[in-house]
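Novice: One file: protein05.txt (compact mmCIF, C-alpha atoms and all ligand atoms).
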# COMPACT_ATOMS: atom_id res chain seq x y z
CA MET H 19 2.49 -17.11 30.16
CA THR H 20 -1.14 -17.19 31.28
CA THR H 21 -3.45 -18.26 28.49
CA ALA H 22 -7.13 -17.57 27.92
CA ARG H 23 -7.76 -21.27 28.63
CA ASP H 24 -6.78 -20.71 32.27
CA PRO H 25 -9.89 -21.26 34.48
CA GLY H 26 -8.93 -18.30 36.69
CA PHE H 27 -8.82 -16.00 33.67
CA VAL H 28 -12.13 -17.35 32.35
CA ALA H 29 -13.79 -16.71 35.73
CA ALA H 30 -12.39 -13.17 35.96
CA LEU H 31 -13.54 -12.44 32.40
CA GLY H 32 -17.03 -13.79 33.10
CA ALA H 33 -17.27 -11.44 36.10
CA ALA H 34 -16.03 -8.42 34.10
CA VAL H 35 -18.45 -8.57 31.15
CA ARG H 36 -22.19 -8.75 30.46
CA GLY H 37 -21.79 -10.83 27.28
CA GLN H 38 -21.28 -14.58 27.05
CA VAL H 39 -17.94 -16.32 27.66
CA ARG H 40 -17.58 -19.84 26.23
CA GLU H 41 -14.74 -22.17 27.18
CA ALA H 42 -13.29 -24.69 24.73
CA GLU H 43 -15.54 -23.34 21.98
CA PRO H 44 -14.68 -25.05 18.64
CA LEU H 45 -13.40 -22.30 16.36
CA ALA H 46 -14.46 -24.37 13.34
CA ARG H 47 -17.98 -23.12 14.14
CA TRP H 48 -16.84 -19.53 13.71
CA SER H 49 -14.78 -19.83 10.55
CA THR H 50 -16.16 -20.18 7.02
CA PHE H 51 -13.43 -22.79 6.38
CA ARG H 52 -15.04 -24.86 9.19
CA ILE H 53 -11.52 -25.50 10.54
CA GLY H 54 -10.07 -24.72 13.96
CA GLY H 55 -9.72 -26.22 17.43
CA PRO H 56 -11.03 -24.96 20.79
CA ALA H 57 -10.56 -21.55 22.40
CA THR H 58 -12.08 -19.27 25.02
CA VAL H 59 -14.45 -17.01 23.11
CA LEU H 60 -16.11 -13.82 24.34
CA PHE H 61 -19.31 -12.67 22.63
CA PRO H 62 -19.36 -9.04 23.85
CA SER H 63 -22.72 -7.37 24.45
CA GLY H 64 -21.29 -3.98 23.44
CA PRO H 65 -18.14 -1.83 23.29
CA GLU H 66 -17.81 -1.74 27.12
CA ASP H 67 -17.38 -5.53 27.18
CA VAL H 68 -14.65 -5.33 24.54
CA ALA H 69 -12.85 -2.63 26.57
CA SER H 70 -13.13 -4.66 29.80
CA ALA H 71 -11.83 -7.81 28.10
CA LEU H 72 -8.89 -5.97 26.57
CA ARG H 73 -7.99 -4.37 29.91
CA LEU H 74 -8.12 -7.72 31.70
CA ALA H 75 -6.15 -9.54 29.00
CA THR H 76 -3.50 -6.82 28.92
CA GLU H 77 -3.24 -6.72 32.72
CA ARG H 78 -2.78 -10.52 32.91
CA GLN H 79 -0.61 -10.70 29.77
CA VAL H 80 -3.08 -12.96 28.02
CA PRO H 81 -2.92 -12.73 24.22
CA TRP H 82 -6.16 -11.83 22.40
CA PHE H 83 -7.53 -12.07 18.91
CA ALA H 84 -10.34 -10.02 17.29
CA LEU H 85 -12.66 -12.19 15.22
CA GLY H 86 -15.31 -11.03 12.77
CA LEU H 87 -17.20 -13.53 10.65
CA GLY H 88 -14.11 -15.71 10.21
CA SER H 89 -14.21 -15.56 6.41
CA ASN H 90 -10.56 -14.72 5.81
CA LEU H 91 -8.60 -16.84 8.21
CA LEU H 92 -7.31 -20.29 8.96
CA PHE H 93 -7.29 -21.28 12.62
CA PRO H 94 -4.87 -23.93 13.91
CA ASP H 95 -6.18 -27.42 14.67
CA GLU H 96 -4.99 -27.14 18.28
CA GLY H 97 -7.12 -24.02 18.77
CA LEU H 98 -6.00 -20.78 20.38
CA ASP H 99 -4.37 -19.93 23.69
CA ALA H 100 -5.39 -16.36 22.90
CA LEU H 101 -8.74 -14.96 24.00
CA VAL H 102 -11.02 -14.70 20.97
CA ILE H 103 -13.19 -11.56 21.02
CA ARG H 104 -15.97 -12.15 18.52
CA ILE H 105 -17.30 -8.87 17.14
CA GLY H 106 -20.91 -9.31 16.05
CA LYS H 107 -24.32 -8.42 17.47
CA GLY H 108 -24.26 -5.55 19.96
CA LEU H 109 -21.66 -3.84 17.80
CA ASP H 110 -23.73 -3.62 14.62
CA ARG H 111 -25.19 -0.10 14.53
CA LEU H 112 -26.05 1.66 11.26
CA ASP H 113 -26.78 5.43 11.42
CA ARG H 114 -26.75 8.23 8.87
CA ASP H 115 -25.97 11.93 9.27
CA GLY H 116 -26.15 13.60 5.85
CA ASP H 117 -23.96 11.57 3.52
CA SER H 118 -21.93 10.25 6.44
CA TRP H 119 -22.77 6.76 7.73
CA ARG H 120 -21.52 5.17 10.96
CA ILE H 121 -21.44 1.41 10.65
CA GLY H 122 -20.68 -0.96 13.52
CA ALA H 123 -17.84 -3.45 13.03
CA GLY H 124 -20.16 -6.33 13.89
CA MET H 125 -22.56 -5.76 11.00
CA PRO H 126 -22.14 -8.24 8.11
CA GLN H 127 -20.87 -6.47 4.98
CA PRO H 128 -23.62 -7.91 2.74
CA LEU H 129 -26.24 -6.50 5.12
CA ALA H 130 -24.56 -3.08 5.25
CA ALA H 131 -24.38 -3.12 1.43
CA LYS H 132 -28.05 -4.05 1.05
CA ARG H 133 -29.40 -1.67 3.69
CA THR H 134 -27.51 1.38 2.43
CA ALA H 135 -28.45 0.55 -1.19
CA ALA H 136 -32.12 0.12 -0.25
CA ALA H 137 -32.00 3.56 1.40
CA GLY H 138 -30.64 5.03 -1.86
CA TRP H 139 -26.96 5.39 -0.94
CA GLY H 140 -24.13 3.98 -3.05
CA GLY H 141 -20.46 3.34 -2.23
CA ILE H 142 -20.44 0.06 -0.35
CA HIS H 143 -23.20 -1.65 -2.33
CA LYS H 144 -20.63 -3.72 -4.26
CA MET H 145 -19.65 -5.47 -1.00
CA VAL H 146 -22.87 -7.46 -1.18
CA GLY H 147 -20.96 -10.66 -1.99
CA VAL H 148 -18.14 -10.28 0.55
CA PRO H 149 -19.27 -12.51 3.40
CA GLY H 150 -17.35 -10.88 6.27
CA SER H 151 -18.13 -8.32 8.94
CA VAL H 152 -17.63 -4.59 8.45
CA GLY H 153 -14.75 -4.68 10.98
CA GLY H 154 -13.04 -7.49 9.06
CA GLY H 155 -13.67 -5.60 5.81
CA VAL H 156 -12.01 -2.47 7.16
CA VAL H 157 -9.00 -4.34 8.59
CA MET H 158 -8.57 -6.32 5.35
CA ASN H 159 -9.49 -3.36 3.11
CA ALA H 160 -11.81 -5.86 1.47
CA GLY H 161 -13.18 -5.11 -1.94
CA CYS H 162 -14.61 -6.42 -5.15
CA HIS H 163 -15.70 -5.28 -8.61
CA GLY H 164 -13.28 -2.34 -8.37
CA ALA H 165 -14.60 -1.01 -5.02
CA GLU H 166 -12.66 -1.15 -1.74
CA TRP H 167 -13.41 0.02 1.78
CA ARG H 168 -10.63 2.63 1.57
CA ASP H 169 -12.58 4.42 -1.19
CA VAL H 170 -15.30 5.48 1.25
CA ILE H 171 -13.82 5.43 4.77
CA THR H 172 -13.33 8.78 6.47
CA SER H 173 -12.37 7.40 9.90
CA VAL H 174 -12.24 4.26 12.03
CA LEU H 175 -13.11 4.06 15.74
CA VAL H 176 -10.79 1.58 17.46
CA LEU H 177 -10.00 0.31 20.94
CA ASP H 178 -6.37 0.05 21.95
CA PRO H 179 -5.14 -2.89 24.08
CA ASP H 180 -5.51 -0.74 27.21
CA GLY H 181 -9.25 -0.43 26.48
CA HIS H 182 -9.14 3.25 25.45
CA ASP H 183 -10.91 4.31 22.27
CA ARG H 184 -9.36 6.39 19.53
CA VAL H 185 -10.49 7.76 16.16
CA VAL H 186 -8.11 6.94 13.31
CA PRO H 187 -8.54 9.20 10.26
CA ALA H 188 -8.55 7.27 6.97
CA ALA H 189 -5.22 8.81 5.94
CA ALA H 190 -3.57 7.29 9.04
CA ALA H 191 -5.06 3.80 8.59
CA GLY H 192 -2.42 2.66 6.08
CA PHE H 193 -4.78 1.04 3.59
CA THR H 194 -3.16 -1.00 0.81
CA TYR H 195 -4.41 -3.83 -1.40
CA ARG H 196 -6.28 -6.20 0.98
CA ARG H 197 -4.50 -4.87 4.05
CA SER H 198 -4.52 -1.96 6.52
CA ALA H 199 -1.92 -0.86 9.04
CA LEU H 200 -4.36 -0.33 11.93
CA GLY H 201 -2.18 -2.58 14.09
CA ARG H 202 -3.08 -4.12 17.47
CA VAL H 203 -6.56 -2.68 17.87
CA VAL H 204 -10.17 -3.80 17.89
CA VAL H 205 -12.26 -1.94 15.32
CA LEU H 206 -15.58 -0.83 16.84
CA GLU H 207 -17.04 1.10 13.92
CA THR H 208 -16.21 3.03 10.80
CA THR H 209 -17.55 6.27 9.32
CA VAL H 210 -17.96 6.27 5.55
CA ALA H 211 -18.99 8.93 3.01
CA LEU H 212 -21.58 7.49 0.62
CA HIS H 213 -23.31 9.12 -2.37
CA ALA H 214 -27.04 9.48 -2.94
CA ALA H 215 -28.27 7.40 -5.86
CA ASP H 216 -31.42 5.81 -7.22
CA HIS H 217 -32.22 2.90 -4.91
CA ALA H 218 -33.83 0.79 -7.66
CA ALA H 219 -30.68 1.06 -9.80
CA LEU H 220 -28.45 0.23 -6.81
CA GLU H 221 -30.59 -2.76 -5.86
CA ALA H 222 -30.55 -4.05 -9.45
CA GLU H 223 -26.75 -3.77 -9.38
CA THR H 224 -26.41 -5.58 -6.04
CA ASP H 225 -28.72 -8.36 -7.28
CA ALA H 226 -26.63 -8.81 -10.45
CA LEU H 227 -23.34 -8.79 -8.51
CA TYR H 228 -24.64 -11.28 -6.00
CA LYS H 229 -25.78 -13.60 -8.81
CA TRP H 230 -22.33 -13.32 -10.45
CA ARG H 231 -20.71 -14.35 -7.16
CA ARG H 232 -23.06 -17.23 -6.57
CA ASP H 233 -22.64 -18.57 -10.09
CA GLY H 234 -18.88 -17.99 -10.53
CA THR H 235 -17.42 -19.05 -7.17
CA PRO H 236 -17.97 -21.95 -4.76
CA PHE H 237 -19.71 -19.42 -2.58
CA ASN H 238 -21.60 -21.73 -0.26
CA GLN H 239 -18.89 -24.31 0.34
CA PRO H 240 -16.53 -24.18 3.35
CA CYS H 241 -13.69 -21.93 2.21
CA CYS H 242 -12.10 -18.54 2.90
CA GLY H 243 -12.63 -16.86 -0.47
CA SER H 244 -9.43 -16.03 -2.34
CA VAL H 245 -6.50 -17.86 -0.79
CA PHE H 246 -3.84 -15.74 -2.51
CA LYS H 247 -3.70 -12.09 -3.54
CA ASN H 248 -3.33 -11.43 -7.24
CA PRO H 249 0.40 -11.37 -8.02
CA LYS H 250 2.44 -8.36 -9.08
CA LEU H 251 3.21 -8.87 -12.78
CA PRO H 252 6.65 -7.96 -14.13
CA ASP H 253 6.92 -5.36 -16.91
CA GLY H 254 6.29 -6.84 -20.33
CA TRP H 255 4.16 -9.71 -18.99
CA ALA H 256 2.46 -11.30 -22.02
CA ASP H 257 -1.22 -10.48 -22.50
CA ASP H 258 -2.13 -14.12 -22.92
CA ALA H 259 -0.18 -15.26 -19.81
CA PRO H 260 -2.09 -15.92 -16.55
CA ARG H 261 -2.66 -12.72 -14.60
CA THR H 262 -4.74 -13.54 -11.54
CA ALA H 263 -3.80 -15.95 -8.74
CA GLY H 264 -6.61 -18.26 -9.85
CA GLN H 265 -5.39 -18.30 -13.46
CA CYS H 266 -1.83 -19.06 -12.29
CA ILE H 267 -2.94 -22.00 -10.13
CA GLU H 268 -5.13 -23.29 -12.94
CA ARG H 269 -2.24 -22.98 -15.43
CA VAL H 270 -0.01 -25.25 -13.32
CA GLY H 271 -2.71 -27.91 -13.39
CA LEU H 272 -3.87 -27.81 -9.79
CA LYS H 273 -7.62 -27.36 -10.29
CA GLY H 274 -9.32 -30.17 -8.38
CA HIS H 275 -6.01 -31.21 -6.72
CA ARG H 276 -6.30 -32.37 -3.10
CA VAL H 277 -4.15 -32.66 0.01
CA GLY H 278 -6.08 -34.65 2.59
CA ALA H 279 -9.59 -33.22 2.50
CA ALA H 280 -8.51 -29.77 1.24
CA GLU H 281 -9.16 -29.24 -2.47
CA VAL H 282 -8.39 -26.59 -5.07
CA SER H 283 -11.91 -25.80 -6.22
CA PRO H 284 -12.66 -27.20 -9.67
CA MET H 285 -14.84 -24.09 -10.12
CA HIS H 286 -12.30 -21.36 -9.22
CA ALA H 287 -8.64 -22.25 -8.60
CA ASN H 288 -7.98 -19.49 -6.05
CA TYR H 289 -10.65 -20.96 -3.75
CA PHE H 290 -9.56 -23.92 -1.64
CA ILE H 291 -12.41 -26.00 -0.24
CA ASN H 292 -12.74 -28.01 2.93
CA THR H 293 -14.45 -31.05 1.42
CA GLY H 294 -15.28 -32.57 4.80
CA ASP H 295 -12.79 -33.01 7.60
CA ALA H 296 -9.84 -31.00 6.29
CA CYS H 297 -7.40 -29.80 8.92
CA ALA H 298 -5.33 -26.63 8.87
CA ALA H 299 -2.21 -28.63 7.96
CA ASP H 300 -3.96 -29.92 4.77
CA VAL H 301 -4.75 -26.36 3.67
CA VAL H 302 -1.25 -25.09 4.45
CA ALA H 303 0.32 -28.00 2.52
CA LEU H 304 -1.93 -27.24 -0.46
CA MET H 305 -0.98 -23.56 -0.27
CA ARG H 306 2.74 -24.36 -0.16
CA GLU H 307 2.38 -26.69 -3.14
CA ALA H 308 0.46 -24.15 -5.23
CA ARG H 309 2.95 -21.45 -4.35
CA ALA H 310 5.97 -23.60 -5.25
CA ARG H 311 4.45 -24.82 -8.54
CA VAL H 312 3.51 -21.27 -9.63
CA ALA H 313 6.97 -19.93 -8.68
CA ASP H 314 8.71 -22.73 -10.63
CA ALA H 315 6.52 -22.57 -13.71
CA LEU H 316 5.75 -18.86 -13.97
CA GLY H 317 8.32 -17.11 -11.77
CA LEU H 318 5.54 -15.34 -9.83
CA VAL H 319 5.32 -15.19 -6.04
CA LEU H 320 1.84 -15.76 -4.62
CA GLU H 321 1.28 -14.01 -1.30
CA PRO H 322 -1.51 -15.31 0.93
CA GLU H 323 -4.66 -13.23 1.27
CA VAL H 324 -5.99 -15.61 3.93
CA LYS H 325 -4.47 -15.03 7.36
CA LEU H 326 -2.87 -18.08 8.98
CA ILE H 327 -3.35 -17.80 12.73
CA ARG H 328 -0.94 -19.21 15.32
CA ALA H 329 -2.10 -20.49 18.74
CA ASP H 330 -1.10 -17.19 20.37
CA GLY H 331 -3.27 -15.25 17.91
CA THR H 332 -0.36 -13.86 15.86
CA PHE H 333 -0.02 -14.37 12.12
CA GLU H 334 2.15 -16.94 10.39
CA ASP H 335 4.13 -16.08 7.30
CA LEU H 336 3.91 -18.84 4.69
CA SER H 337 7.50 -18.29 3.58
CA GLU H 338 8.85 -19.17 7.06
C1 LIG A 1 -16.90 -17.09 -0.33
C2 LIG A 1 -16.01 -15.94 0.01
C3 LIG A 1 -15.84 -14.88 -0.87
C4 LIG A 1 -15.01 -13.80 -0.55
N1 LIG A 1 -14.88 -12.78 -1.44
C5 LIG A 1 -14.11 -11.72 -1.12
C6 LIG A 1 -13.98 -10.60 -2.04
O1 LIG A 1 -14.58 -10.56 -3.09
N2 LIG A 1 -13.18 -9.58 -1.66
C7 LIG A 1 -12.50 -9.56 -0.48
O2 LIG A 1 -11.81 -8.59 -0.20
N3 LIG A 1 -12.60 -10.60 0.38
C8 LIG A 1 -13.37 -11.67 0.09
N4 LIG A 1 -13.47 -12.71 0.96
C9 LIG A 1 -12.66 -12.70 2.21
C10 LIG A 1 -13.36 -12.08 3.42
O3 LIG A 1 -14.78 -12.17 3.31
C11 LIG A 1 -12.97 -10.63 3.67
O4 LIG A 1 -11.59 -10.49 3.86
C12 LIG A 1 -13.71 -10.07 4.88
O5 LIG A 1 -13.60 -8.68 4.88
C13 LIG A 1 -13.19 -10.60 6.21
O6 LIG A 1 -14.10 -10.18 7.21
P1 LIG A 1 -14.36 -11.10 8.48
O7 LIG A 1 -15.29 -10.41 9.38
O8 LIG A 1 -14.78 -12.46 8.07
O9 LIG A 1 -12.90 -11.13 9.11
P2 LIG A 1 -12.19 -12.34 9.86
O10 LIG A 1 -11.93 -13.42 8.88
O11 LIG A 1 -12.94 -12.69 11.07
O12 LIG A 1 -10.80 -11.66 10.25
C14 LIG A 1 -9.90 -11.25 9.25
C15 LIG A 1 -8.86 -10.35 9.88
O13 LIG A 1 -9.51 -9.17 10.35
C16 LIG A 1 -9.33 -9.04 11.77
N5 LIG A 1 -10.58 -8.50 12.31
C17 LIG A 1 -11.85 -8.91 12.05
N6 LIG A 1 -12.72 -8.12 12.70
C18 LIG A 1 -11.98 -7.22 13.41
C19 LIG A 1 -12.31 -6.14 14.29
N7 LIG A 1 -13.57 -5.79 14.57
N8 LIG A 1 -11.28 -5.44 14.83
C20 LIG A 1 -10.00 -5.75 14.57
N9 LIG A 1 -9.63 -6.76 13.75
C21 LIG A 1 -10.62 -7.48 13.17
C22 LIG A 1 -9.00 -10.42 12.29
O14 LIG A 1 -8.24 -10.34 13.47
C23 LIG A 1 -8.19 -10.98 11.11
O15 LIG A 1 -6.88 -10.48 11.18
C24 LIG A 1 -14.31 -13.79 0.67
C25 LIG A 1 -14.49 -14.85 1.58
C26 LIG A 1 -15.33 -15.92 1.26
C27 LIG A 1 -15.52 -17.03 2.26
The structure given in the file should be rewritten as structure tokens.

Specialist:
Amino acid sequence: MTTARDPGFVAALGAAVRGQVREAEPLARWSTFRIGGPATVLFPSGPEDVASALRLATERQVPWFALGLGSNLLFPDEGLDALVIRIGKGLDRLDRDGDSWRIGAGMPQPLAAKRTAAAGWGGIHKMVGVPGSVGGGVVMNAGCHGAEWRDVITSVLVLDPDGHDRVVPAAAAGFTYRRSALGRVVVLETTVALHAADHAALEAETDALYKWRRDGTPFNQPCCGSVFKNPKLPDGWADDAPRTAGQCIERVGLKGHRVGAAEVSPMHANYFINTGDACAADVVALMREARARVADALGLVLEPEVKLIRADGTFEDLSE
């Protein structure tokens, strides 16, 4: 199999796009965990570059991986053989037509939340503390404080692996809790229906939510946010028993516990922190330990929210 590390592929990619191509780029720089080895990374200048890269990768059977702000994934220490297509500037439009907003996948969610709120439009303002891109938010159906992307999305513009674009109506996007079923696509933009509201009230709300985030979570430390999804609770689960993933991990005594340089945050047990030079294996070992301890003590299965990435850009299942 040809990989994206192949010099011939890198040269062909460089000739096919206007954006920058970096070889052996440390992925730790592009992940909020600050973990991950080298890969070939394309910083596309616009949608045409993404389409050209996908066409080339598909033609040469090179695997590829769409990266947003890297706030919900764990890259392997050996890096990726897959081509990393980093969706950011150049794909960060924000336009309004009536109550319908088109938002580029490369725009950071906090910025989209603040700019729409400042213009007097509510609906995504609660995303102010979710530090990913809009594309990553759509793919993950990110959410907080009771709001999720699926509440407002009307459609998603995607590129298929052959470089052709396609509009996916919200009903066909398969949104569930912290997941979508968009499949092997690159999200270019989404169209959302927002509601007009008083901008001062919205801005006061976003300020308060942001403060809550900053004060209640290890927000500015290297991490990926919530490591596990909140578990499904069996019928009759006691009111005073732990309910969230963080409460479960805290209940089994793992707050502050470390494997290598990966630590269960003493501030919030569902946040695992890279305290310095943690490697992916440290984080995975800590996840396995938390999962096993919670299953033994509470009989609940914790499913990862963070995506564990294999060298070929596919996802690893923790139960394997
Ligand atoms: C401190 C902190 C707090 C957080 N709080 C929350 C929270 O409250 N709620 C919440 O839901 N999440 C939270 N997260 C997790 C994370 O911010 C979200 O999941 C976010 O939406 C991921 O966006 P991203 O751009 O960083 O995606 P990435 O981490 O880059 O990628 C995540 C997945 O999306 C895919 N992807 C990204 N962009 C695209 C694209 N354009 N096209 C196709 N696929 C793409 C990737 O391939 C990968 O599978 C938090 C993270 C941190 C670090």

Novice: Which polymer residues have any atom within 6 Å of an atom of segment 143-147 of chain H, counting only C-alpha atoms, with same-chain residues fewer than 6 positions away left out, as a list in words?

Specialist: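 In the requested form, the answer reads Pro128, Ala131, Ala135 and Tyr228 of chain H.
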
Novice: Could you give me, as JSON lines, a per-residue list for chain H showing, wherever an atom lies at most 7 Å from an atom of ligand LIG 1 (chain A), the closest pair of atoms and their distance in Å to one decimal, using all atoms listed in the file and sorting by chain then residue number from low to high?

Specialist:
{"residue": "H:Thr50", "atom": "CA", "partner": "A:LIG1", "partner_atom": "C27", "distance": 5.7}
{"residue": "H:Phe83", "atom": "CA", "partner": "A:LIG1", "partner_atom": "O14", "distance": 5.8}
{"residue": "H:Ala84", "atom": "CA", "partner": "A:LIG1", "partner_atom": "O14", "distance": 4.4}
{"residue": "H:Leu85", "atom": "CA", "partner": "A:LIG1", "partner_atom": "O11", "distance": 4.2}
{"residue": "H:Gly86", "atom": "CA", "partner": "A:LIG1", "partner_atom": "O11", "distance": 3.4}
{"residue": "H:Leu87", "atom": "CA", "partner": "A:LIG1", "partner_atom": "O8", "distance": 3.7}
{"residue": "H:Gly88", "atom": "CA", "partner": "A:LIG1", "partner_atom": "O11", "distance": 3.4}
{"residue": "H:Ser89", "atom": "CA", "partner": "A:LIG1", "partner_atom": "O8", "distance": 3.6}
{"residue": "H:Asn90", "atom": "CA", "partner": "A:LIG1", "partner_atom": "O10", "distance": 3.6}
{"residue": "H:Leu91", "atom": "CA", "partner": "A:LIG1", "partner_atom": "O10", "distance": 4.8}
{"residue": "H:Ile105", "atom": "CA", "partner": "A:LIG1", "partner_atom": "N7", "distance": 5.5}
{"residue": "H:Ala123", "atom": "CA", "partner": "A:LIG1", "partner_atom": "N7", "distance": 5.1}
{"residue": "H:Gly124", "atom": "CA", "partner": "A:LIG1", "partner_atom": "N7", "distance": 6.6}
{"residue": "H:Gly147", "atom": "CA", "partner": "A:LIG1", "partner_atom": "N1", "distance": 6.5}
{"residue": "H:Val148", "atom": "CA", "partner": "A:LIG1", "partner_atom": "N1", "distance": 4.6}
{"residue": "H:Pro149", "atom": "CA", "partner": "A:LIG1", "partner_atom": "O3", "distance": 4.5}
{"residue": "H:Gly150", "atom": "CA", "partner": "A:LIG1", "partner_atom": "O6", "distance": 3.5}
{"residue": "H:Ser151", "atom": "CA", "partner": "A:LIG1", "partner_atom": "O7", "distance": 3.6}
{"residue": "H:Val152", "atom": "CA", "partner": "A:LIG1", "partner_atom": "O7", "distance": 6.3}
{"residue": "H:Gly153", "atom": "CA", "partner": "A:LIG1", "partner_atom": "N7", "distance": 3.9}
{"residue": "H:Gly154", "atom": "CA", "partner": "A:LIG1", "partner_atom": "O6", "distance": 3.4}
{"residue": "H:Gly155", "atom": "CA", "partner": "A:LIG1", "partner_atom": "O5", "distance": 3.2}
{"residue": "H:Val156", "atom": "CA", "partner": "A:LIG1", "partner_atom": "O5", "distance": 6.8}
{"residue": "H:Val157", "atom": "CA", "partner": "A:LIG1", "partner_atom": "O13", "distance": 5.2}
{"residue": "H:Met158", "atom": "CA", "partner": "A:LIG1", "partner_atom": "O4", "distance": 5.4}
{"residue": "H:Asn159", "atom": "CA", "partner": "A:LIG1", "partner_atom": "O2", "distance": 6.6}
{"residue": "H:Ala160", "atom": "CA", "partner": "A:LIG1", "partner_atom": "O2", "distance": 3.2}
{"residue": "H:Gly161", "atom": "CA", "partner": "A:LIG1", "partner_atom": "O2", "distance": 4.1}
{"residue": "H:Cys162", "atom": "CA", "partner": "A:LIG1", "partner_atom": "O1", "distance": 4.6}
{"residue": "H:Arg196", "atom": "CA", "partner": "A:LIG1", "partner_atom": "O2", "distance": 6.1}
{"residue": "H:Val203", "atom": "CA", "partner": "A:LIG1", "partner_atom": "C20", "distance": 5.7}
{"residue": "H:Val204", "atom": "CA", "partner": "A:LIG1", "partner_atom": "N8", "distance": 3.6}
{"residue": "H:Val205", "atom": "CA", "partner": "A:LIG1", "partner_atom": "N8", "distance": 3.7}
{"residue": "H:Leu206", "atom": "CA", "partner": "A:LIG1", "partner_atom": "N7", "distance": 5.8}
{"residue": "H:Pro236", "atom": "CA", "partner": "A:LIG1", "partner_atom": "C1", "distance": 6.7}
{"residue": "H:Phe237", "atom": "CA", "partner": "A:LIG1", "partner_atom": "C1", "distance": 4.3}
{"residue": "H:Asn238", "atom": "CA", "partner": "A:LIG1", "partner_atom": "C1", "distance": 6.6}
{"residue": "H:Cys241", "atom": "CA", "partner": "A:LIG1", "partner_atom": "C27", "distance": 5.2}
{"residue": "H:Cys242", "atom": "CA", "partner": "A:LIG1", "partner_atom": "C27", "distance": 3.8}
{"residue": "H:Gly243", "atom": "CA", "partner": "A:LIG1", "partner_atom": "C26", "distance": 3.3}
{"residue": "H:Ser244", "atom": "CA", "partner": "A:LIG1", "partner_atom": "C24", "distance": 6.2}
{"residue": "H:Lys325", "atom": "CA", "partner": "A:LIG1", "partner_atom": "O15", "distance": 6.4}

Novice: Identify, on the basis of only C-alpha atoms, every residue whose closest approach to Asp183 of chain H does not exceed 12 Å; exclude the query and any residue fewer than 6 positions from it along the same chain; express the result as a list in words.

Specialist: Pro65, Glu66, Val68, Ala69, Ser70, Leu72, Arg73, Val174, Leu175, Val176, Leu177, Val203, Val204, Val205, Leu206 and Glu207 of chain H

Novice: Could you check how far atom CA of Pro187 of chain H sits from atom CA of Arg202 of chain H, in Å to one decimal?

Specialist: 16.1 Å

Novice: Please report the interatomic distance between atom CA of Ala30 of chain H and atom CA of Gly55 of chain H in Å with one decimal.

Specialist: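 So the answer is 22.8 Å.
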
Novice: Which residue, H:Ala189, H:Asp216, H:Glu321, H:Glu307, has the smallest gap to Pro249 of chain H when you use all atoms listed in the file?

Specialist: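 Answer, going by the shortest atom-to-atom distance: H:Glu321.
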
Novice: Using all atoms listed in the file, can you tell me which of H:Gly106, H:Pro179, H:Pro25, H:Pro322 comes closest to Asn248 of chain H?

Specialist: H:Pro322

Novice: Would you mind telling me which residue in H:Met285, H:Leu92, H:Val59, H:Ala165 lies nearest to Gly234 of chain H when using all atoms listed in the file?

Specialist: H:Met285
